[in-house]
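K.L.:
Supplied structure: work32.cif, mmCIF, C-alpha atoms and all ligand atoms.
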data_structure
loop_
_atom_site.label_atom_id
_atom_site.label_comp_id
_atom_site.auth_asym_id
_atom_site.auth_seq_id
_atom_site.Cartn_x
_atom_site.Cartn_y
_atom_site.Cartn_z
CA ARG A 15 115.19 105.51 33.07
CA GLU A 16 115.19 109.03 34.46
CA HIS A 17 113.25 111.16 32.08
CA SER A 18 112.19 114.58 33.18
CA ALA A 19 110.63 115.73 29.93
CA MET A 20 108.63 112.58 29.49
CA ALA A 21 107.26 111.74 32.92
CA PHE A 22 103.80 111.08 31.60
CA LYS A 23 100.58 109.75 33.04
CA GLY A 24 100.16 106.00 32.67
CA GLY A 25 102.89 105.72 30.03
CA PRO A 26 102.79 104.13 26.59
CA SER A 27 100.30 101.49 25.71
CA ILE A 28 102.68 98.85 24.34
CA PRO A 29 104.00 96.45 26.99
CA GLY A 30 107.79 96.48 27.37
CA ILE A 31 108.20 99.94 25.87
CA LYS A 32 109.05 102.74 28.30
CA ASP A 33 108.56 105.75 26.06
CA ILE A 34 107.08 106.34 22.63
CA ILE A 35 108.23 109.49 20.89
CA ALA A 36 106.63 110.76 17.71
CA VAL A 37 108.64 112.67 15.14
CA ALA A 38 106.10 114.84 13.39
CA SER A 39 105.85 117.62 10.85
CA GLY A 40 102.96 119.68 9.62
CA LYS A 41 104.15 119.28 6.05
CA GLY A 42 105.84 116.62 3.92
CA GLY A 43 109.37 116.93 2.56
CA VAL A 44 110.84 118.86 5.49
CA GLY A 45 113.10 115.98 6.59
CA LYS A 46 110.90 114.32 9.20
CA SER A 47 111.87 110.75 8.26
CA THR A 48 115.56 111.66 8.00
CA THR A 49 115.36 113.21 11.46
CA ALA A 50 113.51 110.22 12.92
CA VAL A 51 116.11 107.80 11.58
CA ASN A 52 119.14 109.80 12.69
CA LEU A 53 117.70 110.55 16.12
CA ALA A 54 116.92 106.87 16.63
CA VAL A 55 120.54 106.01 15.78
CA ALA A 56 121.84 108.84 17.99
CA LEU A 57 119.67 107.74 20.92
CA ALA A 58 120.95 104.19 20.53
CA LYS A 59 124.63 104.96 19.94
CA ALA A 60 125.33 108.18 21.80
CA CYS A 61 122.73 107.88 24.57
CA GLN A 62 122.95 104.08 24.87
CA GLN A 63 119.22 103.54 24.86
CA ASN A 64 117.43 100.48 23.55
CA VAL A 65 115.65 102.00 20.60
CA GLY A 66 113.03 100.84 18.12
CA LEU A 67 111.96 102.71 15.00
CA LEU A 68 108.52 102.49 13.48
CA ASP A 69 107.64 103.89 10.08
CA ALA A 70 104.09 105.07 10.53
CA ASP A 71 104.36 107.28 7.46
CA ILE A 72 102.71 104.45 5.60
CA TYR A 73 100.89 106.41 3.01
CA GLY A 74 101.56 109.64 1.18
CA PRO A 75 98.72 111.94 2.17
CA SER A 76 98.19 112.77 -1.47
CA ILE A 77 97.63 109.18 -2.58
CA PRO A 78 94.06 108.73 -1.32
CA THR A 79 93.11 112.02 -2.98
CA MET A 80 94.89 111.22 -6.20
CA MET A 81 93.34 107.77 -6.40
CA ASN A 82 89.98 108.87 -5.07
CA ILE A 83 90.06 106.22 -2.38
CA PHE A 84 89.30 106.40 1.29
CA ARG A 85 91.67 104.12 3.16
CA LYS A 86 91.59 105.33 6.70
CA PRO A 87 90.34 102.09 8.32
CA GLU A 88 93.06 100.07 6.55
CA VAL A 89 95.71 102.56 7.56
CA MET A 90 94.67 102.30 11.19
CA SER A 91 94.52 98.53 11.16
CA ALA A 92 97.95 98.37 9.51
CA LEU A 93 99.30 100.63 12.25
CA GLU A 94 97.65 98.50 14.88
CA LYS A 95 99.52 95.46 13.49
CA LEU A 96 102.81 97.36 13.31
CA THR A 97 102.60 98.49 16.90
CA ARG A 98 100.89 95.76 18.89
CA GLY A 99 101.50 92.89 16.49
CA VAL A 100 105.29 93.23 16.56
CA ALA A 101 107.54 91.63 19.20
CA TRP A 102 109.41 94.84 20.01
CA GLY A 103 111.01 93.36 23.11
CA ASN A 104 112.00 95.67 25.92
CA LEU A 105 112.68 99.14 24.61
CA ASP A 106 113.61 102.37 26.31
CA ILE A 107 112.28 104.35 23.40
CA LEU A 108 110.20 103.63 20.33
CA VAL A 109 110.65 106.41 17.78
CA ILE A 110 107.68 106.80 15.46
CA ASP A 111 108.04 108.47 12.09
CA MET A 112 104.56 109.97 11.87
CA PRO A 113 102.60 110.58 8.69
CA PRO A 114 103.00 114.25 7.77
CA GLY A 115 100.15 116.55 8.65
CA THR A 116 97.65 116.94 11.43
CA GLY A 117 94.63 114.92 10.36
CA ASP A 118 92.66 112.04 11.84
CA ALA A 119 95.41 109.44 11.35
CA GLN A 120 97.85 111.52 13.41
CA LEU A 121 95.23 112.14 16.06
CA SER A 122 94.39 108.44 16.34
CA ILE A 123 98.05 107.45 16.63
CA SER A 124 98.63 110.05 19.33
CA GLN A 125 95.65 108.91 21.35
CA ARG A 126 95.85 105.15 20.89
CA LEU A 127 99.56 104.82 21.56
CA GLN A 128 99.60 107.25 24.46
CA LEU A 129 102.70 108.99 23.20
CA SER A 130 105.24 110.11 25.77
CA GLY A 131 106.09 113.14 23.69
CA ALA A 132 106.40 114.61 20.23
CA LEU A 133 109.20 116.30 18.34
CA ILE A 134 108.21 118.67 15.57
CA VAL A 135 110.45 119.12 12.55
CA SER A 136 110.22 122.15 10.30
CA THR A 137 112.31 123.99 7.76
CA PRO A 138 112.81 127.71 8.45
CA GLN A 139 110.19 128.65 5.88
CA ASP A 140 106.97 130.33 6.99
CA ILE A 141 104.77 127.84 5.19
CA ALA A 142 106.36 124.90 7.01
CA LEU A 143 106.26 126.76 10.31
CA ILE A 144 102.56 127.54 10.04
CA ASP A 145 101.92 123.81 9.57
CA ALA A 146 104.29 122.99 12.43
CA GLN A 147 102.23 125.23 14.71
CA ARG A 148 99.13 123.36 13.62
CA GLY A 149 100.92 120.14 14.63
CA ALA A 150 101.80 121.59 18.01
CA PHE A 151 98.15 122.53 18.62
CA MET A 152 97.06 119.01 17.70
CA PHE A 153 99.39 117.38 20.23
CA HIS A 154 98.36 119.92 22.82
CA LYS A 155 94.71 119.02 22.25
CA VAL A 156 95.35 115.33 23.02
CA ASP A 157 97.67 116.08 25.97
CA VAL A 158 100.87 114.86 24.31
CA PRO A 159 103.82 116.86 25.65
CA ILE A 160 105.81 118.60 22.92
CA LEU A 161 109.47 117.89 23.57
CA GLY A 162 110.51 120.66 21.21
CA LEU A 163 110.95 122.03 17.70
CA ILE A 164 113.83 121.15 15.38
CA GLU A 165 114.90 123.30 12.44
CA ASN A 166 116.01 121.14 9.51
CA MET A 167 117.80 122.52 6.45
CA SER A 168 118.65 125.39 8.77
CA PHE A 169 121.66 126.63 6.79
CA PHE A 170 124.25 125.44 4.28
CA LYS A 171 127.96 125.67 4.99
CA CYS A 172 130.00 125.53 1.81
CA PRO A 173 132.43 122.63 2.16
CA LYS A 174 134.97 124.53 0.01
CA CYS A 175 135.02 128.08 1.36
CA GLY A 176 133.10 127.67 4.65
CA GLU A 177 130.62 130.43 3.80
CA LYS A 178 127.17 129.96 5.33
CA SER A 179 124.03 130.44 3.23
CA ASP A 180 120.49 130.43 4.59
CA ILE A 181 118.89 128.67 1.65
CA PHE A 182 115.43 128.34 3.19
CA GLY A 183 115.90 131.20 5.64
CA HIS A 184 117.14 130.73 9.16
CA GLY A 185 115.89 130.92 12.73
CA GLY A 186 112.17 130.60 11.96
CA ALA A 187 111.72 127.48 14.10
CA LYS A 188 113.42 129.12 17.07
CA ARG A 189 111.20 132.18 16.72
CA THR A 190 108.12 129.94 16.47
CA ALA A 191 109.20 127.94 19.52
CA ASP A 192 109.74 131.13 21.51
CA LYS A 193 106.37 132.48 20.44
CA MET A 194 104.61 129.25 21.43
CA ASN A 195 106.59 128.81 24.62
CA LEU A 196 108.08 125.53 23.40
CA ASP A 197 111.65 124.28 23.63
CA PHE A 198 113.87 124.75 20.61
CA LEU A 199 116.12 121.70 20.34
CA GLY A 200 118.52 122.54 17.55
CA GLU A 201 119.43 123.22 13.94
CA ILE A 202 120.28 120.57 11.37
CA PRO A 203 122.29 121.96 8.46
CA LEU A 204 121.54 121.16 4.85
CA GLU A 205 124.35 118.76 3.91
CA VAL A 206 124.86 116.62 0.83
CA GLN A 207 125.99 113.78 3.08
CA VAL A 208 122.71 113.76 5.03
CA ARG A 209 120.94 112.92 1.81
CA SER A 210 123.57 110.64 0.28
CA CYS A 211 124.03 108.60 3.49
CA SER A 212 120.27 108.13 3.73
CA ASP A 213 120.10 107.07 0.10
CA GLU A 214 122.81 104.49 0.76
CA GLY A 215 120.93 103.12 3.75
CA SER A 216 123.47 104.21 6.32
CA PRO A 217 122.29 107.29 8.24
CA ILE A 218 124.88 110.07 8.68
CA VAL A 219 125.01 109.64 12.48
CA MET A 220 126.26 106.11 11.82
CA SER A 221 128.51 106.65 8.81
CA SER A 222 129.90 110.13 9.46
CA PRO A 223 129.46 110.92 13.16
CA ASP A 224 131.92 113.84 13.05
CA SER A 225 129.96 115.80 10.45
CA LEU A 226 128.16 118.98 11.51
CA ALA A 227 124.75 117.41 10.88
CA ALA A 228 125.53 114.22 12.82
CA LYS A 229 126.76 116.30 15.76
CA ALA A 230 123.51 118.29 15.65
CA TYR A 231 121.42 115.09 15.72
CA ILE A 232 123.46 113.71 18.63
CA ASP A 233 123.14 116.98 20.52
CA ILE A 234 119.35 116.90 20.07
CA ALA A 235 119.18 113.23 21.14
CA HIS A 236 120.87 114.17 24.42
CA LYS A 237 118.18 116.79 25.04
CA VAL A 238 115.22 114.49 24.39
P1 LIG A 301 109.82 113.98 5.05
O1 LIG A 301 109.87 112.76 5.90
O2 LIG A 301 109.54 115.22 5.87
O3 LIG A 301 108.92 113.87 3.87
P2 LIG A 301 112.49 113.26 4.20
O4 LIG A 301 113.17 112.93 5.49
O5 LIG A 301 112.04 112.14 3.33
O6 LIG A 301 111.28 114.27 4.47
O7 LIG A 301 113.48 114.24 3.41
C1 LIG A 301 113.17 114.73 2.12
C2 LIG A 301 114.44 114.76 1.30
O8 LIG A 301 115.35 115.72 1.83
C3 LIG A 301 115.19 113.44 1.30
O9 LIG A 301 115.77 113.25 0.01
C4 LIG A 301 116.28 113.62 2.34
O10 LIG A 301 117.44 112.81 2.10
C5 LIG A 301 116.59 115.09 2.17
N1 LIG A 301 117.04 115.74 3.43
C6 LIG A 301 116.40 115.79 4.60
N2 LIG A 301 117.10 116.50 5.51
C7 LIG A 301 118.24 116.91 4.89
C8 LIG A 301 119.38 117.69 5.28
N3 LIG A 301 119.50 118.19 6.50
N4 LIG A 301 120.37 117.87 4.35
C9 LIG A 301 120.25 117.36 3.09
N5 LIG A 301 119.20 116.63 2.66
C10 LIG A 301 118.19 116.41 3.54
#
Render the structure in this file as structure tokens.
P.N.:
Amino acid sequence: REHSAMAFKGGPSIPGIKDIIAVASGKGGVGKSTTAVNLAVALAKACQQNVGLLDADIYGPSIPTMMNIFRKPEVMSALEKLTRGVAWGNLDILVIDMPPGTGDAQLSISQRLQLSGALIVSTPQDIALIDAQRGAFMFHKVDVPILGLIENMSFFKCPKCGEKSDIFGHGGAKRTADKMNLDFLGEIPLEVQVRSCSDEGSPIVMSSPDSLAAKAYIDIAHKV
């Protein structure tokens, strides 16, 4: 597969998999998992790639704190099983839904799996963007190329009157990308269907490919 953005050193560390892409966010709740799922579907359907999807967001970062437990070794061994212990077959791309944040777990995943690249998802809000920048620095530190920033919940277009509202602000991810000299890959609107399709287990790119959000995911998949 020709892949300009991801021509990378020795390549991923799982046999049979050409590229491993992490979908990351500095902060939880910004739509990282939703983006990972819809991009995986878009890469498979619209870009005709053989795609796998791995949920590495296997623990809420607040749980160990709330329960006063330290589970890092178990988390890493679970991830080890999920990556190397699974018969993934031959894949063009394995999309990894990363745990939110920029701690040791994220660092270990990035290093051990020799990621081909990372996508960073943020809402337009400053607080999410500050954390997204932290994420970008982390990937930079371990030599993982950042494929670009994605702004989720970028705007809301009223389905009745067509008026656009910037519920969480707008354009912050593009400004951050420009400031950090990173690619900006696109804006995903806030849409009821994004949420409802996910809740029903049929991502919007699959069940409503003509929606604005699905088109945005497909457009981003073509750029990856
Ligand atoms: P994260 O993985 O960053 O914690 P999720 O992907 O779980 O975030 O998304 C959090 C919530 O927001 C979910 O209920 C999801 O369906 C919803 N959501 C995410 N992106 C959108 C969007 N563009 N429009 C509407 N709802 C969204």
K.L.:
Using all atoms listed in the file, find each residue in range 33-61 of chain A having at least one atom no more than 12 Å away from range 161-182 of chain A; report its shortest atom-to-atom pair and that distance in Å (one decimal), rows by chain then rising number, as JSON lines.
P.N.:
{"residue": "A:Ile34", "atom": "CA", "partner": "A:Leu161", "partner_atom": "CA", "distance": 11.8}
{"residue": "A:Ile35", "atom": "CA", "partner": "A:Leu161", "partner_atom": "CA", "distance": 8.9}
{"residue": "A:Ala36", "atom": "CA", "partner": "A:Leu161", "partner_atom": "CA", "distance": 9.7}
{"residue": "A:Val37", "atom": "CA", "partner": "A:Ile164", "partner_atom": "CA", "distance": 9.9}
{"residue": "A:Ala38", "atom": "CA", "partner": "A:Leu163", "partner_atom": "CA", "distance": 9.7}
{"residue": "A:Ser39", "atom": "CA", "partner": "A:Leu163", "partner_atom": "CA", "distance": 9.6}
{"residue": "A:Gly40", "atom": "CA", "partner": "A:Leu163", "partner_atom": "CA", "distance": 11.6}
{"residue": "A:Gly43", "atom": "CA", "partner": "A:Asn166", "partner_atom": "CA", "distance": 10.5}
{"residue": "A:Val44", "atom": "CA", "partner": "A:Asn166", "partner_atom": "CA", "distance": 6.9}
{"residue": "A:Gly45", "atom": "CA", "partner": "A:Asn166", "partner_atom": "CA", "distance": 6.6}
{"residue": "A:Lys46", "atom": "CA", "partner": "A:Asn166", "partner_atom": "CA", "distance": 8.5}
{"residue": "A:Ser47", "atom": "CA", "partner": "A:Asn166", "partner_atom": "CA", "distance": 11.3}
{"residue": "A:Thr48", "atom": "CA", "partner": "A:Asn166", "partner_atom": "CA", "distance": 9.6}
{"residue": "A:Thr49", "atom": "CA", "partner": "A:Asn166", "partner_atom": "CA", "distance": 8.2}
{"residue": "A:Ala50", "atom": "CA", "partner": "A:Ile164", "partner_atom": "CA", "distance": 11.2}
{"residue": "A:Leu53", "atom": "CA", "partner": "A:Ile164", "partner_atom": "CA", "distance": 11.3}
K.L.:
Can you work out the spacing between CA of Ala101 in chain A and atom O10 of ligand LIG 301 (chain A) in Å, to one decimal?
P.N.:
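That distance, rounded to one decimal, is 29.0 Å.
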K.L.:
Determine the nearest neighbour of Leu226 in chain A from the options A:Leu68, A:Gly186, A:Gln207, A:Gly115, counting all atoms listed in the file.
P.N.:
A:Gln207
K.L.:
When you draw a straight line from CA of Val51 in chain A to CA of Ser130 in chain A, how long is it in Å?
P.N.:
18.0 Å
K.L.:
So, with only C-alpha atoms as the atoms that count, which of A:Pro138, A:Gly149, A:Gly66, A:Pro114 lies closest to Leu96 in chain A?
P.N.:
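Comparing A:Pro138, A:Gly149, A:Gly66, A:Pro114 against Leu96 in chain A, the winner is A:Gly66.
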K.L.:
What does the structure give for the distance between CA of Asp145 in chain A and CA of Lys41 in chain A, in Å to one decimal?
P.N.:
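Separation of CA of Asp145 in chain A and CA of Lys41 in chain A: 6.2 Å.
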K.L.:
In terms of the shortest atom-to-atom distance over only C-alpha atoms and all ligand atoms, which of A:Ala191, A:Ile72, A:Leu204, A:Val65 is closest to ligand LIG 301 (chain A)?
P.N.:
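Among the listed residues, A:Leu204 lies closest to ligand LIG 301 (chain A).
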K.L.:
Between A:Thr190, A:Thr137, A:Gln128, A:Ser27, which residue has the minimum interatomic distance to ligand LIG 301 (chain A), considering all atoms listed in the file?
P.N.:
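Distance minimum relative to ligand LIG 301 (chain A) lands on A:Thr137.
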K.L.:
Provide an axis-aligned box for all listed atoms of range 157-168 of chain A, padding each side by 6 Å; report its centre and its edge lengths in Å to one decimal, as lines of an AutoDock Vina configuration file.
P.N.:
center_x = 108.2
center_y = 120.1
center_z = 16.2
size_x = 33.0
size_y = 22.5
size_z = 31.5
K.L.:
Could you check the closest approach to ligand LIG 301 (chain A) for each of A:Val156, A:Glu214, A:Gly42, A:Ile141 and tell me which residue wins, using all atoms listed in the file?
P.N.:
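Of the candidates, the smallest distance to ligand LIG 301 (chain A) is held by A:Gly42.
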K.L.:
Quick one: range 54-72 of chain A with N, CA and C atoms, as a PDB file, in the frame of the given file?
P.N.:
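Final output, saved to part19.pdb:
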ATOM      1  N   ALA A  54     116.990 108.242  16.084  1.00  0.00           N
ATOM      2  CA  ALA A  54     116.920 106.870  16.630  1.00  0.00           C
ATOM      3  C   ALA A  54     118.339 106.306  16.758  1.00  0.00           C
ATOM      4  N   VAL A  55     119.158 106.514  15.734  1.00  0.00           N
ATOM      5  CA  VAL A  55     120.540 106.010  15.780  1.00  0.00           C
ATOM      6  C   VAL A  55     121.324 106.749  16.886  1.00  0.00           C
ATOM      7  N   ALA A  56     121.129 108.061  16.972  1.00  0.00           N
ATOM      8  CA  ALA A  56     121.840 108.840  17.990  1.00  0.00           C
ATOM      9  C   ALA A  56     121.424 108.418  19.395  1.00  0.00           C
ATOM     10  N   LEU A  57     120.137 108.166  19.596  1.00  0.00           N
ATOM     11  CA  LEU A  57     119.670 107.740  20.920  1.00  0.00           C
ATOM     12  C   LEU A  57     120.268 106.380  21.287  1.00  0.00           C
ATOM     13  N   ALA A  58     120.401 105.524  20.275  1.00  0.00           N
ATOM     14  CA  ALA A  58     120.950 104.190  20.530  1.00  0.00           C
ATOM     15  C   ALA A  58     122.460 104.255  20.753  1.00  0.00           C
ATOM     16  N   LYS A  59     123.168 104.974  19.887  1.00  0.00           N
ATOM     17  CA  LYS A  59     124.630 104.960  19.940  1.00  0.00           C
ATOM     18  C   LYS A  59     125.192 105.920  20.982  1.00  0.00           C
ATOM     19  N   ALA A  60     124.737 107.164  20.924  1.00  0.00           N
ATOM     20  CA  ALA A  60     125.330 108.180  21.800  1.00  0.00           C
ATOM     21  C   ALA A  60     124.693 108.184  23.186  1.00  0.00           C
ATOM     22  N   CYS A  61     123.403 107.834  23.259  1.00  0.00           N
ATOM     23  CA  CYS A  61     122.730 107.880  24.570  1.00  0.00           C
ATOM     24  C   CYS A  61     122.528 106.476  25.143  1.00  0.00           C
ATOM     25  N   GLN A  62     123.002 105.480  24.419  1.00  0.00           N
ATOM     26  CA  GLN A  62     122.950 104.080  24.870  1.00  0.00           C
ATOM     27  C   GLN A  62     121.567 103.622  25.341  1.00  0.00           C
ATOM     28  N   GLN A  63     120.576 103.995  24.574  1.00  0.00           N
ATOM     29  CA  GLN A  63     119.220 103.540  24.860  1.00  0.00           C
ATOM     30  C   GLN A  63     118.900 102.358  23.944  1.00  0.00           C
ATOM     31  N   ASN A  64     117.956 101.548  24.408  1.00  0.00           N
ATOM     32  CA  ASN A  64     117.430 100.480  23.550  1.00  0.00           C
ATOM     33  C   ASN A  64     116.329 101.095  22.715  1.00  0.00           C
ATOM     34  N   VAL A  65     116.554 101.186  21.416  1.00  0.00           N
ATOM     35  CA  VAL A  65     115.650 102.000  20.600  1.00  0.00           C
ATOM     36  C   VAL A  65     114.995 101.175  19.486  1.00  0.00           C
ATOM     37  N   GLY A  66     113.727 101.394  19.275  1.00  0.00           N
ATOM     38  CA  GLY A  66     113.030 100.840  18.120  1.00  0.00           C
ATOM     39  C   GLY A  66     112.597 101.980  17.210  1.00  0.00           C
ATOM     40  N   LEU A  67     112.389 101.679  15.953  1.00  0.00           N
ATOM     41  CA  LEU A  67     111.960 102.710  15.000  1.00  0.00           C
ATOM     42  C   LEU A  67     110.794 102.179  14.183  1.00  0.00           C
ATOM     43  N   LEU A  68     109.712 102.925  14.208  1.00  0.00           N
ATOM     44  CA  LEU A  68     108.520 102.490  13.480  1.00  0.00           C
ATOM     45  C   LEU A  68     108.159 103.511  12.395  1.00  0.00           C
ATOM     46  N   ASP A  69     108.052 103.024  11.185  1.00  0.00           N
ATOM     47  CA  ASP A  69     107.640 103.890  10.080  1.00  0.00           C
ATOM     48  C   ASP A  69     106.117 103.918  10.006  1.00  0.00           C
ATOM     49  N   ALA A  70     105.549 104.940  10.579  1.00  0.00           N
ATOM     50  CA  ALA A  70     104.090 105.070  10.530  1.00  0.00           C
ATOM     51  C   ALA A  70     103.661 105.965   9.383  1.00  0.00           C
ATOM     52  N   ASP A  71     104.653 106.429   8.620  1.00  0.00           N
ATOM     53  CA  ASP A  71     104.360 107.280   7.460  1.00  0.00           C
ATOM     54  C   ASP A  71     104.015 106.339   6.304  1.00  0.00           C
ATOM     55  N   ILE A  72     102.934 105.567   6.517  1.00  0.00           N
ATOM     56  CA  ILE A  72     102.710 104.450   5.600  1.00  0.00           C
ATOM     57  C   ILE A  72     101.908 104.816   4.356  1.00  0.00           C
TER      58      ILE A  72
END
